[in-house]
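Data block below; observations after.
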Amino acid sequence: MPQPFVYNALPSRVIFGTGTIVQVAREVASLQCSRALVLTTPQQVDQGQVVKEFLGDLCVGLYTNATMHTPIDITDDAMRTTEELRADCVVAVGGGSTIGLGKAIALRTDLPQIVIPTTYAGSEATPIIGQTENGIKTTQKTLKVLPEVIIYDVNLTLSLPLKMTVTSGINAIAHAVEAMYSKEANPIMDLLAQDGIKSIASALPTIIHGKDSEMVLQARNIILYGAWACGSFNLPHAETHTVILPHAIAYNAPFAVDAMAKVASSLGVTNAAQGIFDLAKGQGAPYSLRELGMKEEDVERAAEIAVKSPYPNPAPLEKEKLLKLLRNAWAGNRPE
């Protein structure tokens with residue numbers, strides 16, 4: 001018998017397929033907008049230009065300085081462009097950095113957003129925004145930042161580097177895992193999360209090791225769907241998540257037995273923590289904090305920060321246990 005639950009469906013329009021980018025002008029018009037500002041990072045200007053061409057007269061400009069962690073000063077700069085061009089909507093093309101900037105503009109202006117993801121980050125599907133000011137990151141949840149339209153075009157992910165494909169995919173799985181043990185967990189979210197995890201875990205090996213281009217394209221299709229399914233939940237930053245997630249699962253397993261059993265089942269393994277670790281390592285992803293440049297002496301400080309700024313978590317956050325988790329993650333040890 002199902003337990004009582006509450007499920008809030010988010011009011012976004014999702015368009016999924018191959019070649020769907022051609023629909024962007026129609027979607028701008030459907031929002032009753034006619035002055036779209038396209039957003040990209042400096043590295044994705046070419047993709048932004050493509051979107052600009054598809055928009056034609058509906059585009060008033062291109063802002064190309066979206067930056068990781070959504071710094072307030074970058075948003076200030078983008079706001080000046082938005083106001084000067086009298087934009088009436090934004091079209092974010094890219095990953096978490098660009099999507100974050102679009103959300104930051106929407107937070108200040110309430111302008112409609114169209115998002116065209118090129119990674120598997122999943123943040124486009126959430127009403128959550130993280131911003132950085134003076135080196136301090138703050139996060140808030142509000143429907144003001146939920147994009148009105150998400151256009152998933154598998155073709156835009158084909159050039160995503162293999163290493164980023166793996167870390168971005170594991171990051172999406174992290175969203176789903178957290179959702180399954182969160183206070184807001186419910187049967188509908190569980191089904192979506194499990195399907196997302198299964199899709200990503202099955203597609204990653206084909207993308208990384210596959211030789212048949214048609215099979216790789218199909219796998220890219222599957223993993224992009226999985227990223228959307230997992231991305232209905234939000235956690236930040238792909239490479240760190242890829243390393244930490246297996247150890248966090250092991251830490252929480254005794255306090256979230258049902259959720260971890262569902263994760264393991266989705267992966268086709270008996271131990272969820274080891275399954276995630278093996279999936280990431282087997283596809284060549286980083287599996288230690290040391291690889292990401294973290295110093296061993298920083299482990300203690302990281303544990304102290306975690307204890308002082310507790311995040312909702314199934315297992316109690318105890319410094320000594322967190323130190324063990326972080327030391328294992330720093331060294332790249334397989335979870336027990």
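Ordering of the structure tokens sets the chain letters (A, B, ...), residue numbers begin anew at 1 in every chain, and ligands are numbered from 1 in the order given.
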Can you pull out every residue from range 116-321 of chain A that DSSP, working from the backbone, puts in strand (DSSP E), and format the result as a list in words?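 DSSP on the backbone gives strand (DSSP E) at Ile116, Pro117, Ile128, Ile129, Gly130, Gln131, Thr132, Glu133, Ile136, Lys137, Thr138, Thr139, Gln140, Lys141, Val149, Ile150, Ile151, Tyr152 and Asp153 of chain A.
Residues in contact with Lys308 in chain A at up to 12 Å, not including ones fewer than 5 positions away on its chain and judged by only C-alpha atoms, are A:Arg301, A:Ala302, A:Ala303, A:Leu317, A:Glu318, A:Lys319.
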Since we have the selection now, will you write its residues out, keeping N, CA and C atoms, as a PDB file, in the first residue's frame?
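Full text of part05.pdb as output:
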```pdb
ATOM      1  N   ARG A 301      39.338  20.553   6.946  1.00  0.00           N
ATOM      2  CA  ARG A 301      38.553  21.794   6.822  1.00  0.00           C
ATOM      3  C   ARG A 301      37.224  21.523   6.110  1.00  0.00           C
ATOM      4  N   ALA A 302      37.244  20.660   5.098  1.00  0.00           N
ATOM      5  CA  ALA A 302      36.009  20.324   4.385  1.00  0.00           C
ATOM      6  C   ALA A 302      35.010  19.660   5.323  1.00  0.00           C
ATOM      7  N   ALA A 303      35.505  18.788   6.196  1.00  0.00           N
ATOM      8  CA  ALA A 303      34.624  18.125   7.159  1.00  0.00           C
ATOM      9  C   ALA A 303      34.034  19.136   8.135  1.00  0.00           C
ATOM     10  N   LEU A 317      25.270  14.065  10.377  1.00  0.00           N
ATOM     11  CA  LEU A 317      26.584  14.524   9.937  1.00  0.00           C
ATOM     12  C   LEU A 317      27.515  14.613  11.145  1.00  0.00           C
ATOM     13  N   GLU A 318      28.392  13.628  11.259  1.00  0.00           N
ATOM     14  CA  GLU A 318      29.346  13.552  12.367  1.00  0.00           C
ATOM     15  C   GLU A 318      30.755  13.730  11.816  1.00  0.00           C
ATOM     16  N   LYS A 319      31.522  14.598  12.455  1.00  0.00           N
ATOM     17  CA  LYS A 319      32.808  14.989  11.890  1.00  0.00           C
ATOM     18  C   LYS A 319      33.732  13.802  11.648  1.00  0.00           C
TER      19      LYS A 319
END
```
Applying 10 Å and only C-alpha atoms, which residues near range 238-245 of chain A remain after dropping the ones on its own chain fewer than 2 positions away? List them as an NGL selection string. :A and (96 or 120-121 or 163-175 or 177-178 or 235-236 or 247-251 or 273 or 276-277 or 279-281 or 285-292 or 325-326 or 328-330 or 332)
Going by DSSP on the backbone, which bits of range 99-243 of chain A are alpha helix (DSSP H)? Write them as a PDB file with N, CA and C atoms, in the first residue's frame, please.
```pdb
ATOM      1  N   ILE A  99      22.963  28.186 -18.074  1.00  0.00           N
ATOM      2  CA  ILE A  99      21.618  28.020 -17.505  1.00  0.00           C
ATOM      3  C   ILE A  99      21.498  28.843 -16.222  1.00  0.00           C
ATOM      4  N   GLY A 100      22.562  28.849 -15.419  1.00  0.00           N
ATOM      5  CA  GLY A 100      22.554  29.641 -14.193  1.00  0.00           C
ATOM      6  C   GLY A 100      22.399  31.123 -14.462  1.00  0.00           C
ATOM      7  N   LEU A 101      23.068  31.626 -15.498  1.00  0.00           N
ATOM      8  CA  LEU A 101      22.951  33.045 -15.835  1.00  0.00           C
ATOM      9  C   LEU A 101      21.529  33.373 -16.281  1.00  0.00           C
ATOM     10  N   GLY A 102      20.941  32.504 -17.090  1.00  0.00           N
ATOM     11  CA  GLY A 102      19.559  32.732 -17.515  1.00  0.00           C
ATOM     12  C   GLY A 102      18.618  32.805 -16.315  1.00  0.00           C
ATOM     13  N   LYS A 103      18.838  31.915 -15.359  1.00  0.00           N
ATOM     14  CA  LYS A 103      18.009  31.927 -14.153  1.00  0.00           C
ATOM     15  C   LYS A 103      18.223  33.211 -13.354  1.00  0.00           C
ATOM     16  N   ALA A 104      19.476  33.659 -13.273  1.00  0.00           N
ATOM     17  CA  ALA A 104      19.772  34.878 -12.510  1.00  0.00           C
ATOM     18  C   ALA A 104      19.081  36.095 -13.131  1.00  0.00           C
ATOM     19  N   ILE A 105      19.062  36.154 -14.453  1.00  0.00           N
ATOM     20  CA  ILE A 105      18.361  37.251 -15.133  1.00  0.00           C
ATOM     21  C   ILE A 105      16.861  37.157 -14.877  1.00  0.00           C
ATOM     22  N   ALA A 106      16.326  35.942 -14.958  1.00  0.00           N
ATOM     23  CA  ALA A 106      14.894  35.747 -14.710  1.00  0.00           C
ATOM     24  C   ALA A 106      14.528  36.107 -13.272  1.00  0.00           C
ATOM     25  N   LEU A 107      15.418  35.811 -12.333  1.00  0.00           N
ATOM     26  CA  LEU A 107      15.156  36.134 -10.933  1.00  0.00           C
ATOM     27  C   LEU A 107      14.972  37.635 -10.739  1.00  0.00           C
ATOM     28  N   ARG A 108      15.760  38.416 -11.462  1.00  0.00           N
ATOM     29  CA  ARG A 108      15.703  39.880 -11.331  1.00  0.00           C
ATOM     30  C   ARG A 108      14.591  40.511 -12.169  1.00  0.00           C
ATOM     31  N   THR A 109      14.256  39.880 -13.282  1.00  0.00           N
ATOM     32  CA  THR A 109      13.363  40.529 -14.246  1.00  0.00           C
ATOM     33  C   THR A 109      12.048  39.804 -14.481  1.00  0.00           C
ATOM     34  N   LEU A 162      34.354  13.131 -24.030  1.00  0.00           N
ATOM     35  CA  LEU A 162      33.984  11.896 -23.342  1.00  0.00           C
ATOM     36  C   LEU A 162      34.105  12.012 -21.824  1.00  0.00           C
ATOM     37  N   LYS A 163      35.184  12.650 -21.342  1.00  0.00           N
ATOM     38  CA  LYS A 163      35.348  12.785 -19.898  1.00  0.00           C
ATOM     39  C   LYS A 163      34.207  13.598 -19.297  1.00  0.00           C
ATOM     40  N   MET A 164      33.829  14.677 -19.973  1.00  0.00           N
ATOM     41  CA  MET A 164      32.724  15.504 -19.489  1.00  0.00           C
ATOM     42  C   MET A 164      31.402  14.756 -19.591  1.00  0.00           C
ATOM     43  N   THR A 165      31.277  13.901 -20.597  1.00  0.00           N
ATOM     44  CA  THR A 165      30.071  13.083 -20.727  1.00  0.00           C
ATOM     45  C   THR A 165      29.874  12.224 -19.491  1.00  0.00           C
ATOM     46  N   VAL A 166      30.961  11.590 -19.035  1.00  0.00           N
ATOM     47  CA  VAL A 166      30.867  10.711 -17.870  1.00  0.00           C
ATOM     48  C   VAL A 166      30.551  11.512 -16.609  1.00  0.00           C
ATOM     49  N   THR A 167      31.326  12.570 -16.346  1.00  0.00           N
ATOM     50  CA  THR A 167      31.115  13.320 -15.100  1.00  0.00           C
ATOM     51  C   THR A 167      29.753  14.015 -15.102  1.00  0.00           C
ATOM     52  N   SER A 168      29.334  14.505 -16.256  1.00  0.00           N
ATOM     53  CA  SER A 168      28.026  15.141 -16.353  1.00  0.00           C
ATOM     54  C   SER A 168      26.915  14.123 -16.125  1.00  0.00           C
ATOM     55  N   GLY A 169      27.091  12.925 -16.663  1.00  0.00           N
ATOM     56  CA  GLY A 169      26.098  11.866 -16.465  1.00  0.00           C
ATOM     57  C   GLY A 169      26.016  11.410 -15.017  1.00  0.00           C
ATOM     58  N   ILE A 170      27.171  11.233 -14.363  1.00  0.00           N
ATOM     59  CA  ILE A 170      27.185  10.835 -12.958  1.00  0.00           C
ATOM     60  C   ILE A 170      26.580  11.947 -12.098  1.00  0.00           C
ATOM     61  N   ASN A 171      26.833  13.197 -12.476  1.00  0.00           N
ATOM     62  CA  ASN A 171      26.242  14.331 -11.761  1.00  0.00           C
ATOM     63  C   ASN A 171      24.718  14.254 -11.822  1.00  0.00           C
ATOM     64  N   ALA A 172      24.184  13.905 -12.978  1.00  0.00           N
ATOM     65  CA  ALA A 172      22.733  13.761 -13.104  1.00  0.00           C
ATOM     66  C   ALA A 172      22.224  12.637 -12.197  1.00  0.00           C
ATOM     67  N   ILE A 173      22.975  11.541 -12.116  1.00  0.00           N
ATOM     68  CA  ILE A 173      22.582  10.450 -11.216  1.00  0.00           C
ATOM     69  C   ILE A 173      22.554  10.933  -9.768  1.00  0.00           C
ATOM     70  N   ALA A 174      23.502  11.800  -9.413  1.00  0.00           N
ATOM     71  CA  ALA A 174      23.525  12.338  -8.052  1.00  0.00           C
ATOM     72  C   ALA A 174      22.232  13.071  -7.726  1.00  0.00           C
ATOM     73  N   HIS A 175      21.694  13.814  -8.692  1.00  0.00           N
ATOM     74  CA  HIS A 175      20.418  14.501  -8.481  1.00  0.00           C
ATOM     75  C   HIS A 175      19.337  13.488  -8.109  1.00  0.00           C
ATOM     76  N   ALA A 176      19.303  12.396  -8.860  1.00  0.00           N
ATOM     77  CA  ALA A 176      18.262  11.398  -8.665  1.00  0.00           C
ATOM     78  C   ALA A 176      18.407  10.688  -7.328  1.00  0.00           C
ATOM     79  N   VAL A 177      19.645  10.338  -6.968  1.00  0.00           N
ATOM     80  CA  VAL A 177      19.875   9.639  -5.696  1.00  0.00           C
ATOM     81  C   VAL A 177      19.400  10.491  -4.536  1.00  0.00           C
ATOM     82  N   GLU A 178      19.768  11.773  -4.555  1.00  0.00           N
ATOM     83  CA  GLU A 178      19.341  12.643  -3.459  1.00  0.00           C
ATOM     84  C   GLU A 178      17.816  12.745  -3.406  1.00  0.00           C
ATOM     85  N   ALA A 179      17.194  12.834  -4.562  1.00  0.00           N
ATOM     86  CA  ALA A 179      15.733  12.944  -4.592  1.00  0.00           C
ATOM     87  C   ALA A 179      15.071  11.726  -3.957  1.00  0.00           C
ATOM     88  N   MET A 180      15.689  10.563  -4.120  1.00  0.00           N
ATOM     89  CA  MET A 180      15.074   9.336  -3.625  1.00  0.00           C
ATOM     90  C   MET A 180      15.141   9.210  -2.110  1.00  0.00           C
ATOM     91  N   TYR A 181      16.064   9.944  -1.470  1.00  0.00           N
ATOM     92  CA  TYR A 181      16.072   9.894   0.001  1.00  0.00           C
ATOM     93  C   TYR A 181      15.730  11.240   0.639  1.00  0.00           C
ATOM     94  N   PRO A 187       6.428   8.312  -4.705  1.00  0.00           N
ATOM     95  CA  PRO A 187       6.503   7.245  -5.717  1.00  0.00           C
ATOM     96  C   PRO A 187       6.727   7.746  -7.137  1.00  0.00           C
ATOM     97  N   ILE A 188       6.184   8.906  -7.479  1.00  0.00           N
ATOM     98  CA  ILE A 188       6.335   9.427  -8.845  1.00  0.00           C
ATOM     99  C   ILE A 188       7.785   9.837  -9.092  1.00  0.00           C
ATOM    100  N   MET A 189       8.374  10.568  -8.132  1.00  0.00           N
ATOM    101  CA  MET A 189       9.776  10.954  -8.255  1.00  0.00           C
ATOM    102  C   MET A 189      10.673   9.730  -8.277  1.00  0.00           C
ATOM    103  N   ASP A 190      10.336   8.718  -7.472  1.00  0.00           N
ATOM    104  CA  ASP A 190      11.146   7.499  -7.434  1.00  0.00           C
ATOM    105  C   ASP A 190      11.193   6.826  -8.800  1.00  0.00           C
ATOM    106  N   LEU A 191      10.038   6.709  -9.452  1.00  0.00           N
ATOM    107  CA  LEU A 191       9.987   6.056 -10.761  1.00  0.00           C
ATOM    108  C   LEU A 191      10.818   6.812 -11.784  1.00  0.00           C
ATOM    109  N   LEU A 192      10.690   8.148 -11.785  1.00  0.00           N
ATOM    110  CA  LEU A 192      11.445   8.966 -12.725  1.00  0.00           C
ATOM    111  C   LEU A 192      12.945   8.870 -12.449  1.00  0.00           C
ATOM    112  N   ALA A 193      13.301   8.916 -11.160  1.00  0.00           N
ATOM    113  CA  ALA A 193      14.715   8.836 -10.786  1.00  0.00           C
ATOM    114  C   ALA A 193      15.317   7.492 -11.173  1.00  0.00           C
ATOM    115  N   GLN A 194      14.597   6.408 -10.890  1.00  0.00           N
ATOM    116  CA  GLN A 194      15.104   5.077 -11.224  1.00  0.00           C
ATOM    117  C   GLN A 194      15.279   4.919 -12.732  1.00  0.00           C
ATOM    118  N   ASP A 195      14.313   5.419 -13.496  1.00  0.00           N
ATOM    119  CA  ASP A 195      14.411   5.318 -14.951  1.00  0.00           C
ATOM    120  C   ASP A 195      15.592   6.136 -15.471  1.00  0.00           C
ATOM    121  N   GLY A 196      15.803   7.313 -14.870  1.00  0.00           N
ATOM    122  CA  GLY A 196      16.934   8.147 -15.271  1.00  0.00           C
ATOM    123  C   GLY A 196      18.271   7.477 -14.983  1.00  0.00           C
ATOM    124  N   ILE A 197      18.406   6.918 -13.787  1.00  0.00           N
ATOM    125  CA  ILE A 197      19.650   6.229 -13.411  1.00  0.00           C
ATOM    126  C   ILE A 197      19.913   5.061 -14.358  1.00  0.00           C
ATOM    127  N   LYS A 198      18.878   4.270 -14.606  1.00  0.00           N
ATOM    128  CA  LYS A 198      19.027   3.106 -15.487  1.00  0.00           C
ATOM    129  C   LYS A 198      19.439   3.534 -16.897  1.00  0.00           C
ATOM    130  N   SER A 199      18.834   4.610 -17.403  1.00  0.00           N
ATOM    131  CA  SER A 199      19.145   5.087 -18.755  1.00  0.00           C
ATOM    132  C   SER A 199      20.600   5.528 -18.859  1.00  0.00           C
ATOM    133  N   ILE A 200      21.053   6.318 -17.886  1.00  0.00           N
ATOM    134  CA  ILE A 200      22.421   6.835 -17.930  1.00  0.00           C
ATOM    135  C   ILE A 200      23.432   5.705 -17.767  1.00  0.00           C
ATOM    136  N   ALA A 201      23.193   4.824 -16.788  1.00  0.00           N
ATOM    137  CA  ALA A 201      24.138   3.733 -16.532  1.00  0.00           C
ATOM    138  C   ALA A 201      24.255   2.795 -17.727  1.00  0.00           C
ATOM    139  N   SER A 202      23.157   2.590 -18.450  1.00  0.00           N
ATOM    140  CA  SER A 202      23.207   1.683 -19.607  1.00  0.00           C
ATOM    141  C   SER A 202      23.857   2.340 -20.820  1.00  0.00           C
ATOM    142  N   ALA A 203      23.719   3.672 -20.932  1.00  0.00           N
ATOM    143  CA  ALA A 203      24.212   4.356 -22.130  1.00  0.00           C
ATOM    144  C   ALA A 203      25.682   4.739 -22.052  1.00  0.00           C
ATOM    145  N   LEU A 204      26.186   5.047 -20.855  1.00  0.00           N
ATOM    146  CA  LEU A 204      27.560   5.545 -20.742  1.00  0.00           C
ATOM    147  C   LEU A 204      28.606   4.613 -21.362  1.00  0.00           C
ATOM    148  N   PRO A 205      28.583   3.313 -21.056  1.00  0.00           N
ATOM    149  CA  PRO A 205      29.623   2.448 -21.653  1.00  0.00           C
ATOM    150  C   PRO A 205      29.604   2.448 -23.178  1.00  0.00           C
ATOM    151  N   THR A 206      28.421   2.517 -23.779  1.00  0.00           N
ATOM    152  CA  THR A 206      28.340   2.541 -25.246  1.00  0.00           C
ATOM    153  C   THR A 206      28.946   3.821 -25.795  1.00  0.00           C
ATOM    154  N   ILE A 207      28.666   4.951 -25.148  1.00  0.00           N
ATOM    155  CA  ILE A 207      29.212   6.226 -25.611  1.00  0.00           C
ATOM    156  C   ILE A 207      30.733   6.234 -25.508  1.00  0.00           C
ATOM    157  N   ILE A 208      31.253   5.724 -24.399  1.00  0.00           N
ATOM    158  CA  ILE A 208      32.697   5.779 -24.149  1.00  0.00           C
ATOM    159  C   ILE A 208      33.454   4.754 -24.986  1.00  0.00           C
ATOM    160  N   HIS A 209      32.910   3.559 -25.117  1.00  0.00           N
ATOM    161  CA  HIS A 209      33.656   2.468 -25.748  1.00  0.00           C
ATOM    162  C   HIS A 209      33.096   2.037 -27.103  1.00  0.00           C
ATOM    163  N   SER A 213      28.729   4.212 -34.943  1.00  0.00           N
ATOM    164  CA  SER A 213      28.247   5.586 -34.778  1.00  0.00           C
ATOM    165  C   SER A 213      26.747   5.637 -34.518  1.00  0.00           C
ATOM    166  N   GLU A 214      25.984   4.731 -35.135  1.00  0.00           N
ATOM    167  CA  GLU A 214      24.535   4.722 -34.929  1.00  0.00           C
ATOM    168  C   GLU A 214      24.196   4.318 -33.490  1.00  0.00           C
ATOM    169  N   MET A 215      24.933   3.339 -32.958  1.00  0.00           N
ATOM    170  CA  MET A 215      24.701   2.921 -31.577  1.00  0.00           C
ATOM    171  C   MET A 215      25.079   4.028 -30.598  1.00  0.00           C
ATOM    172  N   VAL A 216      26.156   4.741 -30.905  1.00  0.00           N
ATOM    173  CA  VAL A 216      26.571   5.857 -30.042  1.00  0.00           C
ATOM    174  C   VAL A 216      25.518   6.952 -30.061  1.00  0.00           C
ATOM    175  N   LEU A 217      24.955   7.236 -31.240  1.00  0.00           N
ATOM    176  CA  LEU A 217      23.898   8.244 -31.342  1.00  0.00           C
ATOM    177  C   LEU A 217      22.688   7.823 -30.509  1.00  0.00           C
ATOM    178  N   GLN A 218      22.311   6.560 -30.600  1.00  0.00           N
ATOM    179  CA  GLN A 218      21.190   6.069 -29.799  1.00  0.00           C
ATOM    180  C   GLN A 218      21.492   6.190 -28.308  1.00  0.00           C
ATOM    181  N   ALA A 219      22.745   5.888 -27.924  1.00  0.00           N
ATOM    182  CA  ALA A 219      23.127   5.995 -26.519  1.00  0.00           C
ATOM    183  C   ALA A 219      23.090   7.447 -26.051  1.00  0.00           C
ATOM    184  N   ARG A 220      23.526   8.378 -26.914  1.00  0.00           N
ATOM    185  CA  ARG A 220      23.444   9.801 -26.574  1.00  0.00           C
ATOM    186  C   ARG A 220      21.978  10.211 -26.370  1.00  0.00           C
ATOM    187  N   ASN A 221      21.103   9.661 -27.176  1.00  0.00           N
ATOM    188  CA  ASN A 221      19.675   9.921 -27.031  1.00  0.00           C
ATOM    189  C   ASN A 221      19.182   9.433 -25.672  1.00  0.00           C
ATOM    190  N   ILE A 222      19.577   8.216 -25.317  1.00  0.00           N
ATOM    191  CA  ILE A 222      19.133   7.619 -24.058  1.00  0.00           C
ATOM    192  C   ILE A 222      19.659   8.399 -22.862  1.00  0.00           C
ATOM    193  N   ILE A 223      20.938   8.783 -22.909  1.00  0.00           N
ATOM    194  CA  ILE A 223      21.520   9.466 -21.752  1.00  0.00           C
ATOM    195  C   ILE A 223      20.947  10.874 -21.601  1.00  0.00           C
ATOM    196  N   LEU A 224      20.610  11.537 -22.714  1.00  0.00           N
ATOM    197  CA  LEU A 224      20.007  12.860 -22.599  1.00  0.00           C
ATOM    198  C   LEU A 224      18.625  12.756 -21.963  1.00  0.00           C
ATOM    199  N   TYR A 225      17.875  11.732 -22.347  1.00  0.00           N
ATOM    200  CA  TYR A 225      16.597  11.487 -21.669  1.00  0.00           C
ATOM    201  C   TYR A 225      16.827  11.229 -20.183  1.00  0.00           C
ATOM    202  N   GLY A 226      17.827  10.397 -19.877  1.00  0.00           N
ATOM    203  CA  GLY A 226      18.124  10.088 -18.474  1.00  0.00           C
ATOM    204  C   GLY A 226      18.501  11.325 -17.684  1.00  0.00           C
ATOM    205  N   ALA A 227      19.229  12.231 -18.325  1.00  0.00           N
ATOM    206  CA  ALA A 227      19.625  13.472 -17.649  1.00  0.00           C
ATOM    207  C   ALA A 227      18.400  14.323 -17.336  1.00  0.00           C
ATOM    208  N   TRP A 228      17.444  14.354 -18.274  1.00  0.00           N
ATOM    209  CA  TRP A 228      16.209  15.098 -17.985  1.00  0.00           C
ATOM    210  C   TRP A 228      15.472  14.454 -16.822  1.00  0.00           C
ATOM    211  N   ALA A 229      15.357  13.122 -16.847  1.00  0.00           N
ATOM    212  CA  ALA A 229      14.642  12.420 -15.785  1.00  0.00           C
ATOM    213  C   ALA A 229      15.300  12.660 -14.428  1.00  0.00           C
ATOM    214  N   CYS A 230      16.625  12.583 -14.404  1.00  0.00           N
ATOM    215  CA  CYS A 230      17.349  12.815 -13.147  1.00  0.00           C
ATOM    216  C   CYS A 230      17.395  14.290 -12.796  1.00  0.00           C
ATOM    217  N   ALA A 238      29.803  18.720 -11.564  1.00  0.00           N
ATOM    218  CA  ALA A 238      29.887  17.353 -12.045  1.00  0.00           C
ATOM    219  C   ALA A 238      31.074  16.555 -11.521  1.00  0.00           C
ATOM    220  N   GLU A 239      32.289  17.053 -11.665  1.00  0.00           N
ATOM    221  CA  GLU A 239      33.447  16.228 -11.311  1.00  0.00           C
ATOM    222  C   GLU A 239      33.491  15.919  -9.819  1.00  0.00           C
ATOM    223  N   THR A 240      33.195  16.902  -8.984  1.00  0.00           N
ATOM    224  CA  THR A 240      33.190  16.660  -7.543  1.00  0.00           C
ATOM    225  C   THR A 240      32.129  15.639  -7.181  1.00  0.00           C
ATOM    226  N   HIS A 241      30.944  15.754  -7.789  1.00  0.00           N
ATOM    227  CA  HIS A 241      29.894  14.780  -7.530  1.00  0.00           C
ATOM    228  C   HIS A 241      30.295  13.383  -7.952  1.00  0.00           C
ATOM    229  N   THR A 242      30.976  13.289  -9.072  1.00  0.00           N
ATOM    230  CA  THR A 242      31.394  11.986  -9.572  1.00  0.00           C
ATOM    231  C   THR A 242      32.265  11.273  -8.545  1.00  0.00           C
ATOM    232  N   VAL A 243      33.138  12.025  -7.885  1.00  0.00           N
ATOM    233  CA  VAL A 243      34.030  11.443  -6.874  1.00  0.00           C
ATOM    234  C   VAL A 243      33.289  11.176  -5.572  1.00  0.00           C
TER     235      VAL A 243
END
```
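With distances restricted to only C-alpha atoms, A:Asn252 is the closest residue to Lys321 in chain A from A:Asn252, A:Gln283, A:Thr98, A:Gln47.
A straight line drawn from CA of His69 in chain A to CA of Gly135 in chain A is 9.6 Å long.
Using only C-alpha atoms for every distance, the candidate list A:Gly275, A:Glu336, A:Glu297, A:Pro42 yields A:Glu297 as the residue closest to Leu323 in chain A.
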